[in-house]
Each structure stands twice: as structure tokens, then as C-alpha cells.
>>> print(open('data_3.json').read())   # JSON, C-alpha atoms
[["chain", "number", "residue", "atom", "x", "y", "z"],
["A", 1, "GLY", "CA", 43.76, -36.87, 16.30],
["A", 2, "ARG", "CA", 40.18, -36.18, 17.39],
["A", 3, "HIS", "CA", 37.39, -38.70, 17.71],
["A", 4, "GLY", "CA", 34.59, -38.65, 15.18],
["A", 5, "LEU", "CA", 31.20, -40.22, 14.89],
["A", 6, "ILE", "CA", 29.05, -40.92, 11.85],
["A", 7, "LEU", "CA", 25.26, -41.22, 12.18],
["A", 8, "SER", "CA", 22.92, -41.99, 9.31],
["A", 9, "SER", "CA", 20.47, -39.12, 8.93],
["A", 10, "GLU", "CA", 17.59, -41.57, 8.64],
["A", 11, "THR", "CA", 17.04, -45.19, 9.54],
["A", 12, "LEU", "CA", 18.20, -47.70, 6.96],
["A", 13, "THR", "CA", 15.40, -49.87, 5.65],
["A", 14, "LEU", "CA", 15.23, -52.91, 3.44],
["A", 15, "THR", "CA", 14.59, -52.46, -0.26],
["A", 16, "ARG", "CA", 14.50, -56.22, -0.84],
["A", 17, "PRO", "CA", 11.91, -58.79, 0.27],
["A", 18, "LYS", "CA", 12.26, -59.71, 3.96],
["A", 19, "ASP", "CA", 12.64, -63.40, 3.09],
["A", 20, "ARG", "CA", 16.09, -62.64, 1.62],
["A", 21, "VAL", "CA", 18.35, -62.92, 4.62],
["A", 22, "SER", "CA", 21.90, -63.19, 3.25],
["A", 23, "CYS", "CA", 24.21, -60.20, 3.59],
["A", 24, "SER", "CA", 27.83, -59.05, 3.58],
["A", 25, "ILE", "CA", 29.79, -56.16, 5.07],
["A", 26, "GLU", "CA", 33.21, -54.93, 3.96],
["A", 27, "MET", "CA", 35.23, -52.44, 5.98],
["A", 28, "LEU", "CA", 38.58, -50.83, 5.25],
["A", 29, "LEU", "CA", 40.01, -49.99, 8.68],
["A", 30, "HIS", "CA", 43.19, -48.46, 10.03],
["A", 31, "PRO", "CA", 43.30, -48.92, 13.84],
["A", 32, "GLU", "CA", 45.48, -46.58, 15.90],
["A", 33, "ARG", "CA", 45.87, -49.00, 18.79],
["A", 34, "ILE", "CA", 45.65, -52.67, 19.68],
["A", 35, "ASP", "CA", 45.90, -52.24, 23.44],
["A", 36, "SER", "CA", 42.29, -51.11, 23.74],
["A", 37, "GLY", "CA", 39.11, -51.36, 21.69],
["A", 38, "GLY", "CA", 35.85, -49.73, 20.75],
["A", 39, "THR", "CA", 32.74, -50.03, 18.64],
["A", 40, "LEU", "CA", 33.38, -49.86, 14.90],
["A", 41, "LEU", "CA", 29.74, -49.73, 13.88],
["A", 42, "GLY", "CA", 26.25, -50.62, 15.03],
["A", 43, "PHE", "CA", 22.71, -50.71, 13.73],
["A", 44, "PHE", "CA", 20.43, -49.09, 16.30],
["A", 45, "SER", "CA", 16.66, -49.53, 16.56],
["A", 46, "PRO", "CA", 15.54, -46.41, 18.46],
["A", 47, "GLY", "CA", 11.99, -47.70, 18.95],
["A", 48, "ASN", "CA", 13.07, -50.56, 21.21],
["A", 49, "ARG", "CA", 16.58, -49.24, 22.08],
["A", 50, "ILE", "CA", 18.27, -52.37, 20.72],
["A", 51, "VAL", "CA", 21.53, -52.51, 18.78],
["A", 52, "THR", "CA", 20.60, -55.33, 16.40],
["A", 53, "PHE", "CA", 24.17, -55.84, 15.13],
["A", 54, "SER", "CA", 27.52, -54.33, 16.07],
["A", 55, "LEU", "CA", 31.19, -54.79, 15.24],
["A", 56, "HIS", "CA", 33.93, -54.03, 17.75],
["A", 57, "GLN", "CA", 37.67, -54.06, 18.16],
["A", 58, "SER", "CA", 38.71, -55.82, 21.36],
["A", 59, "LEU", "CA", 42.50, -55.47, 21.64],
["A", 60, "ASP", "CA", 43.64, -57.18, 18.39],
["A", 61, "ASP", "CA", 40.41, -59.18, 17.96],
["A", 62, "LEU", "CA", 37.28, -58.50, 15.93],
["A", 63, "PHE", "CA", 34.17, -58.94, 18.05],
["A", 64, "LEU", "CA", 30.73, -59.40, 16.43],
["A", 65, "GLN", "CA", 27.51, -59.10, 18.43],
["A", 66, "ARG", "CA", 23.92, -59.67, 17.38],
["A", 67, "THR", "CA", 20.90, -58.84, 19.59],
["A", 68, "ARG", "CA", 17.39, -60.16, 19.09],
["A", 69, "LEU", "CA", 14.29, -59.66, 21.16],
["A", 70, "ASP", "CA", 12.74, -62.77, 22.69],
["A", 71, "GLY", "CA", 9.52, -61.34, 24.06],
["A", 72, "GLN", "CA", 10.69, -58.53, 26.36],
["A", 73, "ARG", "CA", 14.17, -60.01, 26.82],
["A", 74, "ALA", "CA", 17.20, -59.10, 24.70],
["A", 75, "VAL", "CA", 19.20, -62.18, 23.66],
["A", 76, "LYS", "CA", 22.80, -61.50, 22.62],
["A", 77, "THR", "CA", 24.99, -63.73, 20.46],
["A", 78, "LYS", "CA", 28.72, -62.97, 20.42],
["A", 79, "TRP", "CA", 31.65, -64.15, 18.33],
["A", 80, "TYR", "CA", 35.33, -63.24, 18.63],
["A", 81, "VAL", "CA", 37.71, -63.57, 15.69],
["A", 82, "GLU", "CA", 41.29, -63.51, 16.98],
["A", 83, "HIS", "CA", 44.28, -61.46, 15.82],
["A", 84, "VAL", "CA", 42.61, -59.37, 13.13],
["A", 85, "PHE", "CA", 44.11, -55.98, 14.00],
["A", 86, "HIS", "CA", 47.73, -54.82, 14.02],
["A", 87, "LYS", "CA", 48.87, -51.42, 15.28],
["A", 88, "ASN", "CA", 48.88, -48.77, 12.55],
["A", 89, "LYS", "CA", 48.29, -51.39, 9.86],
["A", 90, "GLN", "CA", 45.37, -51.21, 7.44],
["A", 91, "VAL", "CA", 42.99, -54.17, 7.37],
["A", 92, "ILE", "CA", 40.05, -55.08, 5.17],
["A", 93, "ALA", "CA", 37.51, -57.11, 7.13],
["A", 94, "THR", "CA", 34.71, -58.85, 5.25],
["A", 95, "ILE", "CA", 31.77, -60.54, 6.97],
["A", 96, "THR", "CA", 29.51, -62.73, 4.83],
["A", 97, "SER", "CA", 26.38, -64.43, 6.07],
["A", 98, "SER", "CA", 23.68, -66.77, 4.84],
["A", 99, "PRO", "CA", 21.30, -69.26, 6.45],
["A", 100, "ARG", "CA", 24.31, -71.63, 6.68],
["A", 101, "GLY", "CA", 26.16, -69.26, 9.03],
["A", 102, "THR", "CA", 28.63, -66.40, 9.03],
["A", 103, "ALA", "CA", 32.20, -66.24, 7.71],
["A", 104, "VAL", "CA", 34.94, -63.67, 8.27],
["A", 105, "TYR", "CA", 37.72, -62.82, 5.83],
["A", 106, "VAL", "CA", 40.71, -60.59, 6.56],
["A", 107, "ASN", "CA", 42.58, -59.00, 3.66],
["A", 108, "GLY", "CA", 40.85, -61.39, 1.26],
["A", 109, "GLY", "CA", 41.73, -64.55, 3.19],
["A", 110, "PHE", "CA", 39.30, -66.77, 5.08],
["A", 111, "VAL", "CA", 39.90, -66.68, 8.87],
["A", 112, "GLY", "CA", 36.86, -68.36, 10.38],
["A", 113, "ALA", "CA", 33.22, -69.39, 10.22],
["A", 114, "SER", "CA", 30.45, -69.77, 12.75],
["A", 115, "PRO", "CA", 27.34, -71.76, 11.81],
["A", 116, "GLY", "CA", 25.75, -70.54, 15.07],
["A", 117, "PHE", "CA", 26.22, -66.82, 14.41],
["A", 118, "GLY", "CA", 23.33, -66.29, 12.01],
["A", 119, "LEU", "CA", 23.52, -62.69, 10.88],
["A", 120, "SER", "CA", 20.65, -61.56, 8.68],
["A", 121, "ILE", "CA", 20.16, -58.55, 6.40],
["A", 122, "ASN", "CA", 17.16, -57.77, 8.62],
["A", 123, "GLU", "CA", 19.60, -56.87, 11.42],
["A", 124, "LEU", "CA", 21.36, -54.33, 9.21],
["A", 125, "THR", "CA", 18.48, -51.89, 9.50],
["A", 126, "GLY", "CA", 17.86, -48.93, 11.78],
["A", 127, "GLN", "CA", 20.15, -45.99, 12.41],
["A", 128, "LEU", "CA", 23.73, -46.69, 11.36],
["A", 129, "VAL", "CA", 26.24, -45.51, 13.99],
["A", 130, "VAL", "CA", 29.94, -45.60, 13.04],
["A", 131, "GLY", "CA", 32.83, -45.00, 15.44],
["A", 132, "ASN", "CA", 31.01, -45.45, 18.73],
["A", 133, "HIS", "CA", 28.22, -47.42, 20.40],
["A", 134, "PRO", "CA", 24.77, -45.79, 20.22],
["A", 135, "LEU", "CA", 23.94, -46.44, 23.90],
["A", 136, "VAL", "CA", 27.26, -46.25, 25.78],
["A", 137, "ASP", "CA", 30.53, -44.38, 25.29],
["A", 138, "ASN", "CA", 32.77, -46.91, 23.53],
["A", 139, "GLY", "CA", 34.59, -44.87, 20.89],
["A", 140, "TRP", "CA", 36.93, -46.60, 18.47],
["A", 141, "GLN", "CA", 40.36, -45.12, 17.76],
["A", 142, "GLY", "CA", 41.36, -45.37, 14.14],
["A", 143, "GLN", "CA", 40.21, -44.51, 10.65],
["A", 144, "LEU", "CA", 37.32, -46.01, 8.75],
["A", 145, "ARG", "CA", 38.44, -45.64, 5.14],
["A", 146, "GLY", "CA", 35.65, -47.58, 3.44],
["A", 147, "LEU", "CA", 32.36, -49.34, 4.12],
["A", 148, "ALA", "CA", 30.19, -51.47, 1.83],
["A", 149, "ILE", "CA", 26.99, -53.32, 2.72],
["A", 150, "TYR", "CA", 25.51, -55.95, 0.41],
["A", 151, "ASP", "CA", 22.10, -57.63, 0.42],
["A", 152, "ARG", "CA", 23.67, -60.97, -0.49],
["A", 153, "GLU", "CA", 26.45, -63.29, 0.59],
["A", 154, "LEU", "CA", 29.67, -62.54, -1.26],
["A", 155, "THR", "CA", 31.44, -65.62, -2.63],
["A", 156, "PRO", "CA", 35.05, -66.32, -1.62],
["A", 157, "ALA", "CA", 36.12, -65.32, -5.15],
["A", 158, "GLU", "CA", 34.27, -61.99, -4.83],
["A", 159, "VAL", "CA", 35.92, -61.35, -1.46],
["A", 160, "VAL", "CA", 39.35, -61.76, -3.09],
["A", 161, "GLN", "CA", 38.32, -59.63, -6.07],
["A", 162, "HIS", "CA", 36.97, -56.86, -3.81],
["A", 163, "TYR", "CA", 40.12, -56.96, -1.67],
["A", 164, "ALA", "CA", 42.20, -56.39, -4.79],
["A", 165, "ALA", "CA", 39.91, -53.51, -5.83],
["A", 166, "TRP", "CA", 40.02, -51.89, -2.37],
["A", 167, "THR", "CA", 43.82, -52.06, -2.26],
["A", 168, "THR", "CA", 44.26, -50.59, -5.74],
["A", 169, "ASN", "CA", 41.76, -47.74, -5.18],
["A", 170, "ARG", "CA", 39.20, -49.23, -7.54],
["A", 171, "SER", "CA", 36.53, -49.86, -4.87],
["A", 172, "GLU", "CA", 33.95, -47.75, -6.69],
["A", 173, "GLU", "CA", 33.81, -50.48, -9.34],
["A", 174, "HIS", "CA", 31.89, -52.85, -7.07],
["A", 175, "THR", "CA", 29.62, -50.70, -4.92],
["A", 176, "SER", "CA", 26.09, -51.81, -4.19],
["A", 177, "GLU", "CA", 23.10, -50.35, -2.40],
["A", 178, "LEU", "CA", 21.26, -51.92, 0.49]]
>>> encode(input="data_3.json", output="C-alpha cells")
Amino acid sequence: GRHGLILSSETLTLTRPKDRVSCSIEMLLHPERIDSGGTLLGFFSPGNRIVTFSLHQSLDDLFLQRTRLDGQRAVKTKWYVEHVFHKNKQVIATITSSPRGTAVYVNGGFVGASPGFGLSINELTGQLVVGNHPLVDNGWQGQLRGLAIYDRELTPAEVVQHYAAWTTNRSEEHTSEL
């Protein structure tokens, strides 16, 4: 019934070469509401006070936002994926990205792609903030029951396989480190 917040104790850094840009994120979520929203997670760069990537619930939609610096100016790219969340119903959201673009899967099924939303593993660095936005109060109401971050694009077959593992409590069989 109370709000919580998870902060990584240190900044997340890349262990792979910077020229590898593909990545994937899986989240097992149980939203309390669909008449409001909040920030599910964000990657915060304290040095320049930029949230390089964040995921949000906006009513029943999933909202992705990427921020890059263009000189001194922050340039934001946004993408809404409609009708992802249902009140008090668990959902597994998977975001996969490569130089070809970004795709979103919900409960193992493909729901949309955006060639223009180019998420990179380089944006999944910094301090990880879960359950709220690092710069403004935008708490999310629900339960985060699982989170996995991969340094590669998951294939559609892997997304289905991981969905089956998450829903049968075998998620530890496919964990990976960033």
C-alpha cells in the first residue's frame, strides 16, 4: 500500500564494447491503476542531469522516452504504445532494440515497432531509478515483480520463450548481466 523506490547503489556501466548498440528490457509489472500513470524506470546521468531513457505508464499506455544531448540542448524522442496495461492485471513488457529500430512485445506477443525510436545499450547506463522519475515526483502505483536487461536484441522466439519462463516461475533460467 505504500510507495517504494529502487535506486542502484552505483551507476551502471557498459561491460561490452561501445560499438555494440542492441539491447532489450523485460519487465514483469502489476499496475494498481489505469486511470493515472507514473515512471516505471529511468536511467539517470547525474553529471549532466539527463534521464537518457525512461519507461512510463500513461493511463493504459506504455510511454517510452529517450533523451540525447545535442550540444547544450536536450533532444527528447517519445513513443506511446497503446492499451498495454489493465487494472490489477499482470503484464510482461519486452522492449527490444537494434540499429533497425525498437519493438515492443506484451505478454510474448508483438504489439508495435518504431524504426525512428533508436534505443541503444549506451542509454541504459547511469543510475537506475525504479518506481519514480529521478528529477520530478512521478511515482508509479503498482508492483515491479521482475526486471531483466540484455546487451543484445532478443529474437521474437526468445521473447516468447522468456514469457513462458516468467509465467511459470522459471525466469532465473535466462538471466543475463549488462
>>> closest_atom_pairs(input="data_3.json", of="stretch 60-112 of chain A", to="stretch 135-149 of chain A", cutoff="10 Å", atoms="only C-alpha atoms", output="CSV")
residue,atom,partner,partner_atom,distance
A:Lys87,CA,A:Gly142,CA,9.7
A:Asn88,CA,A:Gly142,CA,8.4
A:Gln90,CA,A:Gln143,CA,9.0
A:Val91,CA,A:Arg145,CA,9.9
A:Ile92,CA,A:Gly146,CA,8.9
A:Ala93,CA,A:Leu147,CA,9.8
A:Thr94,CA,A:Ala148,CA,9.3
A:Ile95,CA,A:Ile149,CA,9.6
A:Thr96,CA,A:Ile149,CA,10.0
>>> atom_distance(input="data_3.json", atom1="atom CA of A:Tyr105", atom2="atom CA of A:Gly118")
16.0 Å
>>> residues_around(input="data_3.json", residues="A:Thr155", least_positions_apart="4", cutoff="10 Å", atoms="all atoms listed in the file", output="PyMOL selection string")
chain A and resi 24+96+159-161
>>> residues_around(input="data_3.json", residues="stretch 67-69 of chain A", least_positions_apart="5", cutoff="7 Å", atoms="only C-alpha atoms", output="short mmCIF file (atom, residue, chain, number, x, y, z; two decimals) with C-alpha atoms, keeping the file's coordinate frame")
data_model
loop_
_atom_site.label_atom_id
_atom_site.label_comp_id
_atom_site.auth_asym_id
_atom_site.auth_seq_id
_atom_site.Cartn_x
_atom_site.Cartn_y
_atom_site.Cartn_z
CA VAL A 51 21.53 -52.51 18.78
CA THR A 52 20.60 -55.33 16.40
CA PHE A 53 24.17 -55.84 15.13
CA ALA A 74 17.20 -59.10 24.70
CA VAL A 75 19.20 -62.18 23.66
CA LYS A 76 22.80 -61.50 22.62
CA THR A 77 24.99 -63.73 20.46
#
>>> atom_distance(input="data_3.json", atom1="atom CA of A:Ser97", atom2="atom CA of A:Pro115")
9.4 Å
>>> residues_around(input="data_3.json", residues="A:Arg100", least_positions_apart="4", cutoff="10 Å", atoms="only C-alpha atoms", output="PyMOL selection string")
chain A and resi 22+113-119
>>> atom_distance(input="data_3.json", atom1="atom CA of A:Gly108", atom2="atom CA of A:Ser8")
27.6 Å
>>> closest_residue(input="data_3.json", among="A:Leu64, A:Leu124, A:Ile34, A:Ile50", to="A:Phe85", atoms="all atoms listed in the file")
A:Ile34
